[in-house]
Amino acid sequence: MNTKHDLLDKAFQTNHLTKEEITVLLETITPEEREILYSKALKTKQAYYGDKVYLRGLIEFSNICRQDCLYCGIRASNAKVERYRLTPGEILACCDKGYELGYRTFVLQSGEDLWYTDEMLSALVHEIKRRYYPEVAVTLSIGERSVETYQSLFVSGADRFLMRHETASQELYEKLHPTMRFEDRRACLAALKKIGYQVGAGFMVGLPGQTPADLAEDLHYLKELHPDMIGIGPFIPHSQTPLGTEKGGTIENTLVMVALARLLIPDSHIPATTALGTLHPQGREMALQAGANVVMPIITPSTVRKQYALYENKICGDDHPEDCRYCIERRIQSVGLKVDLGKGDSLQFISNM
Ligand code: 5AD
């Protein structure tokens, strides 16, 4: 039997651990071993991406959603949310503001809101790409649509697509997503990759009923999918959902998963997520010191920000886009890293060009 120090060494040297090895680590890791893990993950991140941290401006353009995920504050059955939609004109105004602040990637995120037709989204993507040509990358995070839609949005200029797989456990996935199918999610991710998008997948940590073996499965699924970006955040209960009284994920477990993701899929981008920043005032800085290399500051207009509450107490609700821009820069510098305002393609994407 390997000691845990051997396992951490193996992960660092070979970028591989079996599911059993990951499970043992998750079940028994000590605070001292966690620090070793974080420092190995940081070293790996430095070797691949140096001390640059890429920024993406996040525009949460609609909180209307046809899905009913048990954990999510904007699920269709939550009648208490005040719903909003930004018009294409308002979204473009956010991009103008974001461009002024230096952002060169815009992430357009929303609930699954079919009010935005394929034609509207295609025209919007096309206009953003035209307006700032050739400097800007457009990332979509709009959930499940048909392969034909994904194809046409790609042709219109969308570069990247974020869609977390949420959990690699089929049983857990089905419990949490009464309106969705496990196979569909995976088929979407595979299709997006095949079309040529830089793809982001990822999962939540600390979901009710989630086991260490499930988390090991998440990492193995990601290693096989080999996405360009991996979003990992703690589950944070929202009181207006069926999981409102459950326990949430911990900062430690989430950071361990960030660090293991860095070791096992070393060339992927990994964001220091807003959910981590919500759980702990320095959560994002801690993630940057445990292998993360991307931050996604919010540029959603202050008038609607608070309504995009996937979970409660989300940070930056009262802030303006310029506050977030400079707050993030200070945080990145506080841990000895540097902001990079470039497009920030993934290494996998660059090496395939
Ligand atoms: N806690 C943490 N993360 C959540 N998400 C949705 N609801 C919650 C919650 N209650 C995450 C999902 C989704 C991403 C946009 O936000 O993983 O893919």
# chains A, B, ... in the order shown; residues from 1 in each chain; ligands from 1

$ residues_near_ligand --ligand "ligand 1" --cutoff "9 Å" --atoms "only C-alpha atoms and all ligand atoms" --output "PyMOL selection string"
chain A and resi 69-75+109-111+141+143+162-167+201-205+207+231-238+241+243-244+248-249+275-276+309-312

$ select_by_dssp --residues "range 14-240 of chain A" --states "helix (DSSP H, G or I)" --output "ChimeraX atom specification"
/A:14,19-28,31-49,88-100,118-131,147-155,170-176,182-195,212-225

$ residues_around --residues "Glu112 in chain A" --least-positions-apart "2" --cutoff "7 Å" --atoms "only C-alpha atoms" --output "number ranges by chain"
A: 64-67, 110, 114, 142-143

$ write_last_selection --atoms "N, CA and C atoms" --output "CSV table (one decimal), in the first residue's frame"
chain,number,residue,atom,x,y,z
A,64,ILE,N,-34.0,33.5,-16.3
A,64,ILE,CA,-35.2,32.7,-16.6
A,64,ILE,C,-34.8,31.3,-17.0
A,65,CYS,N,-35.3,30.3,-16.4
A,65,CYS,CA,-34.8,28.9,-16.7
A,65,CYS,C,-35.9,27.9,-16.8
A,66,ARG,N,-35.9,27.1,-17.8
A,66,ARG,CA,-36.9,26.0,-18.0
A,66,ARG,C,-36.6,24.8,-17.2
A,67,GLN,N,-35.4,24.7,-16.7
A,67,GLN,CA,-35.0,23.5,-15.9
A,67,GLN,C,-35.3,23.7,-14.4
A,110,SER,N,-26.7,32.4,-18.8
A,110,SER,CA,-28.1,32.6,-18.5
A,110,SER,C,-28.7,31.2,-18.1
A,114,LEU,N,-35.4,30.0,-23.6
A,114,LEU,CA,-35.6,29.9,-25.1
A,114,LEU,C,-36.2,31.2,-25.7
A,142,ILE,N,-25.2,28.7,-21.8
A,142,ILE,CA,-26.7,28.8,-21.9
A,142,ILE,C,-27.4,27.5,-21.8
A,143,GLY,N,-26.6,26.5,-21.5
A,143,GLY,CA,-27.3,25.2,-21.2
A,143,GLY,C,-27.5,24.4,-22.5

$ residues_around --residues "Asn15 in chain A" --least-positions-apart "2" --cutoff "9 Å" --atoms "only C-alpha atoms" --output "PDB file with all heavy atoms, in the first residue's frame"
ATOM      1  N   LYS A  10       3.060  10.631  -6.903  1.00  0.00           N
ATOM      2  CA  LYS A  10       2.643   9.962  -8.142  1.00  0.00           C
ATOM      3  C   LYS A  10       1.758  10.907  -8.980  1.00  0.00           C
ATOM      4  O   LYS A  10       1.944  11.040 -10.190  1.00  0.00           O
ATOM      5  CB  LYS A  10       1.881   8.668  -7.820  1.00  0.00           C
ATOM      6  CG  LYS A  10       1.394   7.950  -9.063  1.00  0.00           C
ATOM      7  CD  LYS A  10       0.565   6.705  -8.742  1.00  0.00           C
ATOM      8  CE  LYS A  10      -0.099   6.199 -10.036  1.00  0.00           C
ATOM      9  NZ  LYS A  10      -1.116   5.165  -9.777  1.00  0.00           N
ATOM     10  N   ALA A  11       0.811  11.572  -8.321  1.00  0.00           N
ATOM     11  CA  ALA A  11      -0.075  12.494  -9.040  1.00  0.00           C
ATOM     12  C   ALA A  11       0.748  13.599  -9.699  1.00  0.00           C
ATOM     13  O   ALA A  11       0.514  13.971 -10.854  1.00  0.00           O
ATOM     14  CB  ALA A  11      -1.105  13.086  -8.080  1.00  0.00           C
ATOM     15  N   PHE A  12       1.733  14.109  -8.977  1.00  0.00           N
ATOM     16  CA  PHE A  12       2.577  15.200  -9.485  1.00  0.00           C
ATOM     17  C   PHE A  12       3.447  14.737 -10.661  1.00  0.00           C
ATOM     18  O   PHE A  12       3.565  15.427 -11.672  1.00  0.00           O
ATOM     19  CB  PHE A  12       3.444  15.720  -8.330  1.00  0.00           C
ATOM     20  CG  PHE A  12       4.355  16.845  -8.718  1.00  0.00           C
ATOM     21  CD1 PHE A  12       3.845  18.079  -9.087  1.00  0.00           C
ATOM     22  CD2 PHE A  12       5.739  16.667  -8.698  1.00  0.00           C
ATOM     23  CE1 PHE A  12       4.689  19.130  -9.436  1.00  0.00           C
ATOM     24  CE2 PHE A  12       6.588  17.714  -9.051  1.00  0.00           C
ATOM     25  CZ  PHE A  12       6.062  18.941  -9.419  1.00  0.00           C
ATOM     26  N   GLN A  13       4.022  13.530 -10.520  1.00  0.00           N
ATOM     27  CA  GLN A  13       4.966  13.047 -11.535  1.00  0.00           C
ATOM     28  C   GLN A  13       4.275  12.508 -12.778  1.00  0.00           C
ATOM     29  O   GLN A  13       4.770  12.670 -13.892  1.00  0.00           O
ATOM     30  CB  GLN A  13       5.862  11.933 -10.947  1.00  0.00           C
ATOM     31  CG  GLN A  13       6.783  12.381  -9.813  1.00  0.00           C
ATOM     32  CD  GLN A  13       7.834  13.394 -10.244  1.00  0.00           C
ATOM     33  OE1 GLN A  13       8.107  13.560 -11.437  1.00  0.00           O
ATOM     34  NE2 GLN A  13       8.413  14.086  -9.276  1.00  0.00           N
ATOM     35  N   LEU A  17      -3.921   9.129 -11.186  1.00  0.00           N
ATOM     36  CA  LEU A  17      -4.217   8.334  -9.984  1.00  0.00           C
ATOM     37  C   LEU A  17      -5.407   7.463 -10.338  1.00  0.00           C
ATOM     38  O   LEU A  17      -6.279   7.891 -11.103  1.00  0.00           O
ATOM     39  CB  LEU A  17      -4.591   9.227  -8.793  1.00  0.00           C
ATOM     40  CG  LEU A  17      -3.505  10.094  -8.129  1.00  0.00           C
ATOM     41  CD1 LEU A  17      -4.137  10.985  -7.054  1.00  0.00           C
ATOM     42  CD2 LEU A  17      -2.388   9.243  -7.514  1.00  0.00           C
ATOM     43  N   ARG A 262      -5.949  20.045 -11.104  1.00  0.00           N
ATOM     44  CA  ARG A 262      -4.725  20.602 -11.707  1.00  0.00           C
ATOM     45  C   ARG A 262      -3.676  19.516 -11.940  1.00  0.00           C
ATOM     46  O   ARG A 262      -3.010  19.487 -12.979  1.00  0.00           O
ATOM     47  CB  ARG A 262      -4.157  21.722 -10.822  1.00  0.00           C
ATOM     48  CG  ARG A 262      -2.812  22.256 -11.262  1.00  0.00           C
ATOM     49  CD  ARG A 262      -2.810  22.795 -12.693  1.00  0.00           C
ATOM     50  NE  ARG A 262      -3.605  24.005 -12.845  1.00  0.00           N
ATOM     51  CZ  ARG A 262      -4.127  24.416 -14.013  1.00  0.00           C
ATOM     52  NH1 ARG A 262      -3.945  23.726 -15.126  1.00  0.00           N
ATOM     53  NH2 ARG A 262      -4.856  25.526 -14.068  1.00  0.00           N
ATOM     54  N   LEU A 263      -3.515  18.618 -10.978  1.00  0.00           N
ATOM     55  CA  LEU A 263      -2.491  17.580 -11.138  1.00  0.00           C
ATOM     56  C   LEU A 263      -2.885  16.569 -12.221  1.00  0.00           C
ATOM     57  O   LEU A 263      -2.028  16.093 -12.965  1.00  0.00           O
ATOM     58  CB  LEU A 263      -2.241  16.859  -9.813  1.00  0.00           C
ATOM     59  CG  LEU A 263      -1.584  17.720  -8.717  1.00  0.00           C
ATOM     60  CD1 LEU A 263      -1.374  16.898  -7.453  1.00  0.00           C
ATOM     61  CD2 LEU A 263      -0.249  18.291  -9.199  1.00  0.00           C
ATOM     62  N   LEU A 264      -4.161  16.228 -12.302  1.00  0.00           N
ATOM     63  CA  LEU A 264      -4.572  15.150 -13.210  1.00  0.00           C
ATOM     64  C   LEU A 264      -4.847  15.639 -14.633  1.00  0.00           C
ATOM     65  O   LEU A 264      -4.721  14.888 -15.591  1.00  0.00           O
ATOM     66  CB  LEU A 264      -5.799  14.417 -12.657  1.00  0.00           C
ATOM     67  CG  LEU A 264      -5.592  13.764 -11.275  1.00  0.00           C
ATOM     68  CD1 LEU A 264      -6.806  12.945 -10.871  1.00  0.00           C
ATOM     69  CD2 LEU A 264      -4.337  12.891 -11.252  1.00  0.00           C
ATOM     70  N   ILE A 265      -5.260  16.916 -14.758  1.00  0.00           N
ATOM     71  CA  ILE A 265      -5.522  17.482 -16.099  1.00  0.00           C
ATOM     72  C   ILE A 265      -4.746  18.808 -16.148  1.00  0.00           C
ATOM     73  O   ILE A 265      -5.325  19.899 -16.101  1.00  0.00           O
ATOM     74  CB  ILE A 265      -7.042  17.706 -16.339  1.00  0.00           C
ATOM     75  CG1 ILE A 265      -7.840  16.431 -16.004  1.00  0.00           C
ATOM     76  CG2 ILE A 265      -7.329  18.087 -17.806  1.00  0.00           C
ATOM     77  CD1 ILE A 265      -8.714  16.479 -14.801  1.00  0.00           C
ATOM     78  N   PRO A 266      -3.425  18.714 -16.234  1.00  0.00           N
ATOM     79  CA  PRO A 266      -2.591  19.891 -15.941  1.00  0.00           C
ATOM     80  C   PRO A 266      -2.708  21.047 -16.912  1.00  0.00           C
ATOM     81  O   PRO A 266      -2.459  22.187 -16.532  1.00  0.00           O
ATOM     82  CB  PRO A 266      -1.167  19.320 -15.943  1.00  0.00           C
ATOM     83  CG  PRO A 266      -1.245  18.052 -16.707  1.00  0.00           C
ATOM     84  CD  PRO A 266      -2.619  17.506 -16.500  1.00  0.00           C
TER      85      PRO A 266
END

$ select_by_dssp --residues "range 26-224 of chain A" --states "strand (DSSP E)" --output "PyMOL selection string"
chain A and resi 52-55+57-62+105-110+137-141+160-162+198-205

$ closest_residue --among "A:Ala190, A:Cys95, A:Met120, A:Met296" --to "Thr273 in chain A" --atoms "only C-alpha atoms"
A:Met296
